[in-house]
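**Student:** target29.txt (compact mmCIF, C-alpha atoms) pasted underneath:
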# COMPACT_ATOMS: atom_id res chain seq x y z
CA MET A 21 -78.56 225.30 -76.30
CA GLN A 22 -78.74 229.01 -75.51
CA GLY A 23 -82.48 229.32 -75.02
CA GLY A 24 -83.11 232.04 -77.54
CA ILE A 25 -79.77 233.89 -77.45
CA ALA A 26 -78.86 234.67 -81.05
CA ARG A 27 -75.51 233.38 -82.19
CA ARG A 28 -73.41 233.31 -85.32
CA GLY A 29 -72.87 229.87 -86.80
CA LEU A 30 -69.41 228.41 -87.12
CA MET A 31 -67.50 226.60 -89.85
CA LEU A 32 -66.31 223.22 -88.55
CA VAL A 33 -63.41 222.16 -90.74
CA LEU A 34 -62.27 218.52 -90.61
CA SER A 35 -59.07 217.40 -92.31
CA SER A 36 -57.09 214.19 -92.20
CA PRO A 37 -55.02 212.03 -94.46
CA SER A 38 -57.17 209.72 -96.55
CA GLY A 39 -57.94 206.59 -94.54
CA ALA A 40 -57.78 208.15 -91.07
CA GLY A 41 -61.55 208.02 -90.53
CA LYS A 42 -62.55 211.63 -91.21
CA THR A 43 -65.50 210.81 -93.47
CA THR A 44 -66.92 208.27 -91.02
CA ILE A 45 -66.56 210.79 -88.18
CA ALA A 46 -68.21 213.52 -90.27
CA ARG A 47 -71.18 211.25 -91.05
CA ALA A 48 -71.60 210.22 -87.42
CA LEU A 49 -71.46 213.87 -86.35
CA LEU A 50 -74.18 214.91 -88.82
CA GLU A 51 -76.37 212.04 -87.64
CA ALA A 52 -75.91 212.84 -83.95
CA GLU A 53 -76.12 216.64 -83.96
CA THR A 54 -78.77 219.03 -85.23
CA GLY A 55 -78.06 222.58 -86.36
CA ILE A 56 -75.07 221.57 -88.46
CA GLU A 57 -75.14 220.79 -92.15
CA SER A 58 -72.59 219.67 -94.69
CA SER A 59 -71.21 222.18 -97.14
CA ILE A 60 -72.11 221.08 -100.67
CA SER A 61 -69.35 221.74 -103.19
CA HIS A 62 -69.59 222.54 -106.86
CA THR A 63 -67.60 220.16 -109.04
CA THR A 64 -66.78 219.67 -112.70
CA ARG A 65 -66.25 215.94 -112.31
CA LYS A 66 -68.83 213.48 -113.68
CA LYS A 67 -71.60 212.33 -111.42
CA ARG A 68 -70.88 208.87 -110.04
CA LYS A 69 -73.44 206.13 -109.62
CA GLY A 70 -75.74 206.89 -106.69
CA GLU A 71 -74.72 210.56 -106.38
CA LYS A 72 -77.44 213.19 -106.40
CA GLU A 73 -77.29 216.74 -107.74
CA GLY A 74 -77.58 219.22 -104.87
CA LYS A 75 -77.05 216.54 -102.23
CA ASP A 76 -73.56 215.16 -102.88
CA TYR A 77 -72.38 217.94 -105.17
CA HIS A 78 -73.61 220.63 -107.50
CA PHE A 79 -72.45 219.26 -110.85
CA VAL A 80 -71.41 222.05 -113.23
CA ASP A 81 -69.35 222.26 -116.44
CA GLN A 82 -65.90 223.85 -116.70
CA ASP A 83 -67.27 227.14 -118.07
CA GLU A 84 -69.76 227.66 -115.29
CA PHE A 85 -67.13 226.74 -112.69
CA ALA A 86 -64.70 229.26 -114.20
CA ARG A 87 -67.34 232.01 -114.22
CA MET A 88 -68.20 231.38 -110.57
CA ARG A 89 -64.54 231.30 -109.58
CA ASP A 90 -63.81 234.53 -111.47
CA ARG A 91 -66.57 236.45 -109.74
CA GLY A 92 -65.37 235.24 -106.30
CA ALA A 93 -68.34 232.96 -105.69
CA PHE A 94 -66.13 230.32 -104.01
CA LEU A 95 -64.78 230.46 -100.48
CA GLU A 96 -62.12 228.02 -101.67
CA TRP A 97 -61.58 225.91 -104.75
CA ALA A 98 -59.11 223.29 -105.90
CA GLU A 99 -58.13 221.20 -108.89
CA VAL A 100 -57.80 217.48 -108.21
CA PHE A 101 -56.92 215.07 -111.05
CA ASP A 102 -58.15 217.53 -113.73
CA ASN A 103 -61.44 218.12 -111.94
CA TYR A 104 -62.41 221.31 -110.12
CA TYR A 105 -64.04 221.49 -106.72
CA GLY A 106 -65.31 224.66 -105.05
CA THR A 107 -67.18 225.69 -101.90
CA PRO A 108 -69.86 228.27 -102.77
CA ARG A 109 -69.75 231.33 -100.55
CA ALA A 110 -73.40 232.45 -100.45
CA PRO A 111 -75.06 229.45 -98.73
CA VAL A 112 -72.33 229.36 -96.06
CA GLU A 113 -72.71 233.05 -95.26
CA ARG A 114 -76.50 232.62 -95.08
CA ALA A 115 -76.16 229.67 -92.69
CA LEU A 116 -73.72 231.48 -90.38
CA LYS A 117 -75.96 234.56 -90.22
CA GLU A 118 -78.92 232.36 -89.30
CA GLY A 119 -76.96 230.63 -86.52
CA ARG A 120 -76.53 227.34 -88.33
CA ASP A 121 -73.15 225.58 -88.43
CA VAL A 122 -71.52 224.23 -91.57
CA LEU A 123 -69.26 221.18 -91.76
CA PHE A 124 -66.35 221.06 -94.21
CA ASP A 125 -64.48 217.94 -95.21
CA VAL A 126 -61.41 219.43 -96.91
CA ASP A 127 -57.66 218.92 -97.20
CA TRP A 128 -55.07 221.22 -95.64
CA GLN A 129 -55.16 223.57 -98.62
CA GLY A 130 -58.94 223.92 -98.42
CA ALA A 131 -58.68 224.47 -94.68
CA ALA A 132 -56.03 227.15 -95.20
CA SER A 133 -58.24 228.96 -97.73
CA LEU A 134 -61.29 228.85 -95.45
CA ARG A 135 -59.19 230.14 -92.53
CA ALA A 136 -57.94 233.01 -94.68
CA GLU A 137 -61.48 233.90 -95.80
CA ALA A 138 -63.18 233.63 -92.41
CA PRO A 139 -60.61 233.44 -89.60
CA SER A 140 -63.02 233.99 -86.73
CA ASP A 141 -65.69 231.60 -88.05
CA VAL A 142 -63.44 228.60 -88.68
CA VAL A 143 -62.88 225.91 -86.05
CA SER A 144 -60.44 223.39 -87.50
CA VAL A 145 -59.89 219.80 -86.41
CA PHE A 146 -57.18 217.47 -87.69
CA ILE A 147 -57.72 213.72 -87.42
CA LEU A 148 -54.58 211.57 -87.18
CA PRO A 149 -54.41 207.80 -87.64
CA PRO A 150 -53.25 205.86 -84.55
CA SER A 151 -50.21 204.50 -86.41
CA ALA A 152 -48.55 204.27 -89.81
CA ALA A 153 -49.33 200.55 -89.95
CA ASP A 154 -53.00 201.20 -89.26
CA LEU A 155 -53.19 203.85 -92.00
CA GLU A 156 -51.41 201.61 -94.48
CA GLN A 157 -53.76 198.77 -93.68
CA ARG A 158 -56.85 200.94 -94.10
CA LEU A 159 -55.61 202.18 -97.46
CA ASN A 160 -54.73 198.68 -98.71
CA VAL A 161 -58.06 197.39 -97.51
CA ARG A 162 -59.77 199.19 -100.35
CA ALA A 163 -59.41 196.28 -102.75
CA GLU A 164 -60.60 198.27 -105.72
CA ASP A 165 -57.53 200.57 -105.70
CA PRO A 166 -54.51 199.55 -107.80
CA PRO A 167 -51.15 199.49 -105.90
CA ASP A 168 -49.83 202.71 -107.47
CA VAL A 169 -52.93 204.57 -106.25
CA VAL A 170 -52.30 203.22 -102.75
CA HIS A 171 -48.67 204.38 -103.01
CA THR A 172 -49.75 207.85 -104.16
CA ARG A 173 -52.19 208.02 -101.26
CA MET A 174 -49.49 207.10 -98.75
CA ARG A 175 -47.35 209.92 -100.07
CA GLY A 176 -50.42 212.17 -100.03
CA ALA A 177 -51.03 211.15 -96.42
CA SER A 178 -47.53 212.29 -95.45
CA ASP A 179 -48.03 215.63 -97.18
CA GLU A 180 -51.35 216.11 -95.41
CA ILE A 181 -50.06 215.08 -91.97
CA ARG A 182 -47.23 217.62 -92.18
CA HIS A 183 -49.85 220.38 -91.78
CA TRP A 184 -51.24 219.21 -88.43
CA GLN A 185 -49.82 222.25 -86.68
CA GLU A 186 -52.17 224.60 -88.53
CA TYR A 187 -55.25 223.18 -86.78
CA ASP A 188 -56.99 224.31 -83.59
CA TYR A 189 -57.69 220.79 -82.38
CA VAL A 190 -56.07 217.43 -83.06
CA ILE A 191 -57.65 214.03 -82.48
CA VAL A 192 -55.75 210.77 -82.75
CA ASN A 193 -58.37 208.32 -83.99
CA HIS A 194 -57.62 205.34 -81.76
CA ASP A 195 -61.28 204.65 -81.20
CA LEU A 196 -64.05 205.81 -83.52
CA GLU A 197 -66.64 206.31 -80.80
CA ARG A 198 -64.29 208.44 -78.72
CA SER A 199 -63.22 210.45 -81.73
CA VAL A 200 -66.85 211.19 -82.61
CA ALA A 201 -67.51 212.19 -78.99
CA ALA A 202 -64.49 214.52 -79.11
CA VAL A 203 -65.65 216.24 -82.31
CA ARG A 204 -69.17 216.58 -80.89
CA ALA A 205 -67.72 218.13 -77.73
CA ILE A 206 -65.72 220.58 -79.85
CA LEU A 207 -68.91 221.62 -81.66
CA VAL A 208 -70.94 221.99 -78.45
CA ALA A 209 -68.12 223.92 -76.77
CA GLU A 210 -67.41 226.26 -79.67
CA ARG A 211 -71.11 227.17 -79.82
CA GLN A 212 -70.69 228.60 -76.31
CA ARG A 213 -67.83 230.89 -77.28
CA ARG A 214 -68.60 234.37 -76.11
CA ALA A 215 -67.51 235.87 -79.40
CA ARG A 216 -70.14 233.86 -81.32
CA LEU A 217 -73.05 234.69 -79.01
CA THR A 218 -74.15 237.81 -80.86
CA GLY A 219 -77.30 238.20 -78.74
CA LEU A 220 -75.49 238.23 -75.40
CA LYS A 221 -74.81 241.95 -75.26
CA ASP A 222 -78.53 242.78 -75.32
CA PHE A 223 -79.32 239.90 -72.98
CA VAL A 224 -76.85 241.17 -70.38
CA LYS A 225 -78.13 244.72 -70.79
CA GLY A 226 -81.64 243.50 -69.96
CA LEU A 227 -80.33 241.44 -67.05
CA LEU A 228 -78.47 244.39 -65.50
CA ALA A 229 -81.48 246.68 -65.99
CA GLY A 230 -83.56 244.24 -63.94
CA LEU A 231 -81.21 244.02 -60.99
CA MET B 8 -58.83 210.40 -74.37
CA GLN B 9 -55.60 210.62 -76.33
CA GLY B 10 -54.40 207.07 -75.85
CA GLY B 11 -51.04 207.86 -74.34
CA ILE B 12 -50.28 211.21 -75.97
CA ALA B 13 -48.85 213.44 -73.27
CA ARG B 14 -50.65 216.70 -72.70
CA ARG B 15 -50.43 219.71 -70.45
CA GLY B 16 -53.38 220.10 -68.08
CA LEU B 17 -55.60 223.15 -68.22
CA MET B 18 -57.05 225.54 -65.67
CA LEU B 19 -60.84 225.60 -65.97
CA VAL B 20 -62.02 228.83 -64.41
CA LEU B 21 -65.72 229.20 -63.59
CA SER B 22 -67.18 232.53 -62.55
CA SER B 23 -70.71 233.75 -62.08
CA PRO B 24 -72.67 236.06 -59.86
CA SER B 25 -73.64 234.41 -56.59
CA GLY B 26 -76.86 232.44 -57.12
CA ALA B 27 -76.41 231.65 -60.81
CA GLY B 28 -75.62 227.99 -60.23
CA LYS B 29 -71.84 227.93 -60.59
CA THR B 30 -71.16 225.87 -57.47
CA THR B 31 -73.78 223.27 -58.41
CA ILE B 32 -72.32 223.06 -61.92
CA ALA B 33 -68.78 222.72 -60.56
CA ARG B 34 -69.84 219.87 -58.26
CA ALA B 35 -71.65 218.04 -61.06
CA LEU B 36 -68.60 218.43 -63.31
CA LEU B 37 -66.23 216.98 -60.70
CA GLU B 38 -68.59 214.04 -60.18
CA ALA B 39 -68.97 213.32 -63.90
CA GLU B 40 -65.41 213.79 -65.16
CA THR B 41 -62.14 212.22 -64.12
CA GLY B 42 -58.77 213.89 -64.54
CA ILE B 43 -59.94 217.20 -63.11
CA GLU B 44 -59.63 218.28 -59.51
CA SER B 45 -60.69 221.30 -57.52
CA SER B 46 -58.09 223.86 -56.56
CA ILE B 47 -57.92 224.07 -52.77
CA SER B 48 -57.39 227.59 -51.47
CA HIS B 49 -55.59 228.77 -48.39
CA THR B 50 -57.72 230.96 -46.16
CA THR B 51 -57.41 232.89 -42.93
CA ARG B 52 -61.09 232.61 -42.10
CA LYS B 53 -62.29 230.28 -39.35
CA LYS B 54 -63.19 226.72 -40.18
CA ARG B 55 -66.97 226.30 -40.42
CA LYS B 56 -68.87 223.30 -39.16
CA GLY B 57 -68.35 220.32 -41.44
CA GLU B 58 -65.33 221.79 -43.28
CA LYS B 59 -62.15 219.76 -43.43
CA GLU B 60 -58.55 220.99 -43.51
CA GLY B 61 -56.98 220.14 -46.87
CA LYS B 62 -60.31 219.25 -48.45
CA ASP B 63 -62.38 222.45 -48.33
CA TYR B 64 -59.51 224.82 -47.55
CA HIS B 65 -56.06 224.96 -46.07
CA PHE B 66 -56.72 226.96 -42.90
CA VAL B 67 -53.78 229.23 -42.01
CA ASP B 68 -53.29 232.25 -39.77
CA GLN B 69 -52.71 235.80 -41.02
CA ASP B 70 -48.94 235.60 -40.55
CA GLU B 71 -48.52 232.43 -42.55
CA PHE B 72 -50.80 233.78 -45.29
CA ALA B 73 -48.74 236.99 -45.48
CA ARG B 74 -45.47 235.07 -45.68
CA MET B 75 -46.81 232.89 -48.52
CA ARG B 76 -48.15 235.92 -50.35
CA ASP B 77 -44.88 237.80 -49.99
CA ARG B 78 -42.81 235.01 -51.46
CA GLY B 79 -45.18 234.70 -54.46
CA ALA B 80 -46.65 231.37 -53.41
CA PHE B 81 -50.14 232.36 -54.59
CA LEU B 82 -51.36 232.42 -58.18
CA GLU B 83 -54.02 234.83 -56.97
CA TRP B 84 -55.26 236.02 -53.63
CA ALA B 85 -58.07 238.23 -52.37
CA GLU B 86 -59.45 239.81 -49.23
CA VAL B 87 -63.15 239.22 -48.62
CA PHE B 88 -64.81 240.60 -45.46
CA ASP B 89 -61.46 240.84 -43.61
CA ASN B 90 -60.52 237.28 -44.51
CA TYR B 91 -57.82 236.32 -46.98
CA TYR B 92 -58.12 233.65 -49.66
CA GLY B 93 -55.30 232.49 -51.92
CA THR B 94 -54.69 229.87 -54.60
CA PRO B 95 -51.34 228.14 -53.98
CA ARG B 96 -49.16 228.02 -57.07
CA ALA B 97 -47.13 224.80 -56.57
CA PRO B 98 -49.92 222.16 -56.61
CA VAL B 99 -51.46 223.74 -59.72
CA GLU B 100 -48.18 223.76 -61.62
CA ARG B 101 -47.56 220.14 -60.62
CA ALA B 102 -51.03 219.09 -61.83
CA LEU B 103 -50.67 220.85 -65.19
CA LYS B 104 -47.26 219.28 -65.80
CA GLU B 105 -48.70 215.85 -65.06
CA GLY B 106 -51.61 216.37 -67.48
CA ARG B 107 -54.26 216.84 -64.80
CA ASP B 108 -56.78 219.67 -65.04
CA VAL B 109 -57.64 222.03 -62.20
CA LEU B 110 -61.02 223.63 -61.58
CA PHE B 111 -61.27 227.15 -60.12
CA ASP B 112 -64.40 228.66 -58.65
CA VAL B 113 -63.41 232.34 -58.48
CA ASP B 114 -64.85 235.80 -59.07
CA TRP B 115 -63.87 238.05 -61.97
CA GLN B 116 -60.88 239.42 -60.09
CA GLY B 117 -59.56 235.94 -59.36
CA ALA B 118 -60.14 234.96 -62.99
CA ALA B 119 -58.26 238.06 -64.16
CA SER B 120 -55.29 237.21 -61.91
CA LEU B 121 -55.17 233.59 -63.08
CA ARG B 122 -55.35 234.72 -66.73
CA ALA B 123 -52.48 237.14 -66.14
CA GLU B 124 -50.37 234.42 -64.48
CA ALA B 125 -51.06 231.63 -66.98
CA PRO B 126 -52.73 233.01 -70.13
CA SER B 127 -52.33 229.88 -72.24
CA ASP B 128 -53.42 227.46 -69.50
CA VAL B 129 -56.64 229.22 -68.50
CA VAL B 130 -59.99 228.34 -70.07
CA SER B 131 -62.59 230.66 -68.57
CA VAL B 132 -66.35 230.17 -68.45
CA PHE B 133 -68.90 232.69 -67.22
CA ILE B 134 -72.28 231.44 -66.01
CA LEU B 135 -75.19 233.87 -66.33
CA PRO B 136 -78.59 233.53 -64.66
CA PRO B 137 -81.53 233.18 -67.09
CA SER B 138 -83.13 236.39 -65.77
CA ALA B 139 -82.86 239.05 -63.08
CA ALA B 140 -86.06 237.73 -61.44
CA ASP B 141 -84.60 234.23 -61.30
CA LEU B 142 -81.38 235.46 -59.71
CA GLU B 143 -83.27 237.57 -57.16
CA GLN B 144 -85.43 234.60 -56.28
CA ARG B 145 -82.45 232.29 -55.80
CA LEU B 146 -80.73 234.82 -53.56
CA ASN B 147 -83.83 235.44 -51.45
CA VAL B 148 -84.43 231.74 -51.14
CA ARG B 149 -81.50 231.45 -48.78
CA ALA B 150 -83.60 232.06 -45.71
CA GLU B 151 -80.62 232.39 -43.40
CA ASP B 152 -79.40 235.60 -45.07
CA PRO B 153 -80.59 238.94 -43.65
CA PRO B 154 -82.14 241.37 -46.22
CA ASP B 155 -79.11 243.70 -46.32
CA VAL B 156 -76.88 240.75 -47.23
CA VAL B 157 -79.26 239.90 -50.07
CA HIS B 158 -79.14 243.53 -51.22
CA THR B 159 -75.33 243.52 -51.12
CA ARG B 160 -75.30 240.31 -53.12
CA MET B 161 -77.59 241.77 -55.79
CA ARG B 162 -75.20 244.70 -56.15
CA GLY B 163 -72.30 242.26 -56.15
CA ALA B 164 -74.06 240.25 -58.86
CA SER B 165 -74.25 243.34 -61.10
CA ASP B 166 -70.56 244.08 -60.56
CA GLU B 167 -69.68 240.49 -61.43
CA ILE B 168 -71.92 240.30 -64.51
CA ARG B 169 -70.31 243.43 -65.97
CA HIS B 170 -67.16 241.36 -66.57
CA TRP B 171 -68.74 238.71 -68.80
CA GLN B 172 -66.81 239.94 -71.82
CA GLU B 173 -63.48 238.85 -70.31
CA TYR B 174 -64.42 235.16 -70.55
CA ASP B 175 -63.76 232.64 -73.35
CA TYR B 176 -67.14 230.96 -73.00
CA VAL B 177 -70.51 232.11 -71.67
CA ILE B 178 -73.37 229.85 -70.58
CA VAL B 179 -76.82 231.11 -69.72
CA ASN B 180 -78.01 228.71 -67.03
CA HIS B 181 -81.58 228.11 -68.23
CA ASP B 182 -81.34 224.41 -67.51
CA LEU B 183 -78.88 222.88 -65.06
CA GLU B 184 -78.43 219.63 -66.98
CA ARG B 185 -77.67 221.43 -70.23
CA SER B 186 -75.31 223.82 -68.51
CA VAL B 187 -73.37 220.92 -66.98
CA ALA B 188 -73.25 219.24 -70.40
CA ALA B 189 -71.92 222.46 -71.93
CA VAL B 190 -69.14 222.82 -69.33
CA ARG B 191 -68.23 219.13 -69.76
CA ALA B 192 -68.06 219.65 -73.54
CA ILE B 193 -65.79 222.66 -73.04
CA LEU B 194 -63.46 220.53 -70.89
CA VAL B 195 -63.42 217.61 -73.35
CA ALA B 196 -62.89 219.96 -76.31
CA GLU B 197 -60.15 222.03 -74.70
CA ARG B 198 -58.25 218.84 -73.86
CA GLN B 199 -57.99 218.26 -77.62
CA ARG B 200 -56.40 221.63 -78.33
CA ARG B 201 -53.31 221.12 -80.39
CA ALA B 202 -51.33 223.53 -78.25
CA ARG B 203 -51.92 221.42 -75.11
CA LEU B 204 -50.97 218.08 -76.70
CA THR B 205 -47.30 218.26 -75.81
CA GLY B 206 -46.64 214.69 -76.98
CA LEU B 207 -48.02 215.21 -80.50
CA LYS B 208 -44.82 216.42 -82.09
CA ASP B 209 -43.01 213.16 -81.32
CA PHE B 210 -46.08 211.11 -82.19
CA VAL B 211 -46.32 212.72 -85.64
CA LYS B 212 -42.57 212.30 -86.15
CA GLY B 213 -42.95 208.56 -85.54
CA LEU B 214 -45.99 208.40 -87.79
CA LEU B 215 -44.21 210.09 -90.69
CA ALA B 216 -41.14 207.90 -90.25
CA GLY B 217 -43.33 204.84 -90.67
CA LEU B 218 -45.02 205.95 -93.89
For this file, write the structure as structure tokens.

**Tutor:**
Amino acid sequence: MQGGIARRGLMLVLSSPSGAGKTTIARALLEAETGIESSISHTTRKKRKGEKEGKDYHFVDQDEFARMRDRGAFLEWAEVFDNYYGTPRAPVERALKEGRDVLFDVDWQGAASLRAEAPSDVVSVFILPPSAADLEQRLNVRAEDPPDVVHTRMRGASDEIRHWQEYDYVIVNHDLERSVAAVRAILVAERQRRARLTGLKDFVKGLLAGL
Amino acid sequence: MQGGIARRGLMLVLSSPSGAGKTTIARALLEAETGIESSISHTTRKKRKGEKEGKDYHFVDQDEFARMRDRGAFLEWAEVFDNYYGTPRAPVERALKEGRDVLFDVDWQGAASLRAEAPSDVVSVFILPPSAADLEQRLNVRAEDPPDVVHTRMRGASDEIRHWQEYDYVIVNHDLERSVAAVRAILVAERQRRARLTGLKDFVKGLLAGL
């Protein structure tokens, strides 16, 4: 976009209650835009059918996870249903330095940790469902979930939604296509932020010298 | 975009040195996007051929301009070559309250005044030329300008460019189409800012009540 002007990458953080469309939006964004990649977490949970090491997750055992956590190798980490999940710091810092953007699909606690670690790199977007009925329907639609899981998720959704005010941008997902367009616009816009365009100072110096 | 969620409009402020493409970009933006309108200034200068009262400017005499200025009716005003130009406050405030956005094509001093008057409403974008040679060429291309005017403009361009660091976003205008796309993305993105979505609080309250 900036024709050779060096810039620092950004961390695009998407959160939403389960069932509000965040994962679909994230996938559509990665398909439509270049220069942004998904952050790949480390996890101690077992590999599910179809998942690939290094693509979906880095699968590690509890000991390795604990060692990484203790030496500060994670930007954020969390325990979910007895499994650990962590975002490794090094590949994110490399990407940002090289002007590549990184996408994070995390809950409000993950978003808060990332914000605390890298306040000027994080751009956070909260996706809201268009209505309670719509969210409930989308959660029930997953036929494989037993009713108590659906109930837990509804409660989880409330807890997540209560943190909407911590985000830079909020999108109410009335229409998937429009929501994807809005997230893409946020990415394109945030890439033009003066503070991220690390090569601008030299560019302007050269421009003024030529006038 | 937000399916009925009330929002406060924003003030999109474009600045650039003369000849960097700002006016062309502004026109393309107004053609492509709805919900944004140009701010119409008051001026004491004479109406030029083809200009229309209330469309290009509000043409007023020096006395009326001074009275408006003295009662604080301008968000910003400036004197340029013995003529006065001012941005009337009331229509802008009305637009913002009604969720409409207003576009401003002003120099760095105008941008600074607008920022001081409405810091949270202003989104400012600086357009840079791709090179000094390109800018010089575009300024010389205007065959109707005498050489000393071109020289003054080049000096003016330097003065303007020196203020690039006061802007939220910077676009190097290598390619008109891409620059227009970038400004459109900034507008679409900034409309999704949590802080502008004044109706969200009630929307979320309703959502949580239904879960």

**Student:** Could you name the residues that touch Glu83 of chain B at 9 Å or less, counting only C-alpha atoms, but leaving out those on the same chain fewer than 4 positions away, as number ranges by chain?

**Tutor:** B: 76, 92-96, 116-121, 124

**Student:** Once you count only C-alpha atoms, what closest atom pair and distance in Å to one decimal does each residue of chain B within 8 Å of chain A have, with rows by chain and rising residue number, as CSV?

**Tutor:**
residue,atom,partner,partner_atom,distance
B:Met8,CA,A:Arg198,CA,7.3
B:Gln9,CA,A:Val192,CA,6.4
B:Gly10,CA,A:His194,CA,6.9
B:Ser138,CA,A:Leu227,CA,5.9
B:Ala139,CA,A:Leu227,CA,5.3
B:Ala140,CA,A:Gly230,CA,7.4
B:Glu143,CA,A:Leu231,CA,7.8
B:Met161,CA,A:Leu231,CA,6.7
B:Arg162,CA,A:Leu231,CA,7.7
B:Ser165,CA,A:Leu228,CA,6.2
B:Ile168,CA,A:Val224,CA,7.7
B:Gln172,CA,A:Arg214,CA,7.3
B:Tyr174,CA,A:Arg214,CA,7.0
B:Asp175,CA,A:Arg214,CA,5.8
B:Tyr176,CA,A:Arg213,CA,4.3
B:Val177,CA,A:Arg214,CA,5.3
B:Ile178,CA,A:Gln212,CA,6.4
B:Val179,CA,A:Gln22,CA,6.5
B:His181,CA,A:Gly23,CA,7.0
B:Arg185,CA,A:Met21,CA,7.3
B:Ala189,CA,A:Ala209,CA,6.3
B:Val190,CA,A:Ala209,CA,7.6
B:Ala192,CA,A:Ala205,CA,4.5
B:Ile193,CA,A:Ala209,CA,4.6
B:Val195,CA,A:Ala205,CA,6.2
B:Ala196,CA,A:Ile206,CA,4.6
B:Glu197,CA,A:Ile206,CA,7.7
B:Gln199,CA,A:Tyr189,CA,5.4
B:Arg200,CA,A:Tyr189,CA,4.3
B:Arg201,CA,A:Tyr189,CA,4.8
B:Ala202,CA,A:Asp188,CA,7.8
B:Val211,CA,A:Ile181,CA,7.7
B:Leu214,CA,A:Ala152,CA,5.3
B:Leu215,CA,A:Ser178,CA,6.2
B:Gly217,CA,A:Ala152,CA,5.3
B:Leu218,CA,A:Ala152,CA,5.7

**Student:** Taking all atoms listed in the file into account, which of B:Asp128, B:Glu105, B:Glu100, B:Asp112 comes nearest Ile47 of chain B?

**Tutor:**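 Checking each candidate against Ile47 of chain B, we get B:Asp112 as the closest.
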
**Student:** May I ask for the distance between atom CA of Trp128 of chain A and atom CA of Tyr104 of chain A, given in Å to one decimal place?

**Tutor:** 16.2 Å

**Student:** In Å, rounded to a single decimal, give me how far atom CA of Met18 of chain B is from atom CA of Glu53 of chain A.

**Tutor:**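 About the pair atom CA of Glu53 of chain A and atom CA of Met18 of chain B: they are 27.9 Å apart.
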
**Student:** Which residues, written as a PyMOL selection string, have at least one atom at most 7 Å from Phe111 of chain B, with all atoms listed in the file counted and residues fewer than 2 positions away on the same chain left out?

**Tutor:** chain B and resi 19-21+45-46+109+113

**Student:** Which neighbours of Asn90 of chain B fall inside 9 Å, counting all atoms listed in the file, when residues of the same chain fewer than 4 positions from it are skipped, and could you give them as a PyMOL selection string?

**Tutor:** chain B and resi 50-53+69+85-86

**Student:** Work out how far atom CA of Val80 of chain A is from atom CA of Leu123 of chain A, in Å to one decimal.

**Tutor:** 21.6 Å

**Student:** Could you pull the residues within 7 Å of Ser36 of chain A, counting only C-alpha atoms, minus those fewer than 3 positions along the same chain, as a list in words?

**Tutor:**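 Contacts, in chain order: Ala40, Lys42, Asp127, Phe146, Ile147, Leu148 and Glu180 of chain A.
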
**Student:** With distances taken over only C-alpha atoms, which residue among B:Arg122, B:Arg107, B:Glu184, B:Asp68 lies nearest Lys54 of chain B?

**Tutor:**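 So, comparing all the options, the nearest one is B:Asp68.
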
**Student:** Need the shell around Thr218 of chain A: protein/DNA/RNA residues with any atom at most 8 Å away, counting all atoms listed in the file. Skip same-chain ones fewer than 4 positions apart. Format as a JSON list (two decimals) with C-alpha atoms, in the coordinates of the input?

**Tutor:**
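Resulting contents of out_30.json:
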[["chain", "number", "residue", "atom", "x", "y", "z"],
["A", 25, "ILE", "CA", -79.77, 233.89, -77.45],
["A", 26, "ALA", "CA", -78.86, 234.67, -81.05],
["A", 27, "ARG", "CA", -75.51, 233.38, -82.19],
["A", 28, "ARG", "CA", -73.41, 233.31, -85.32]]
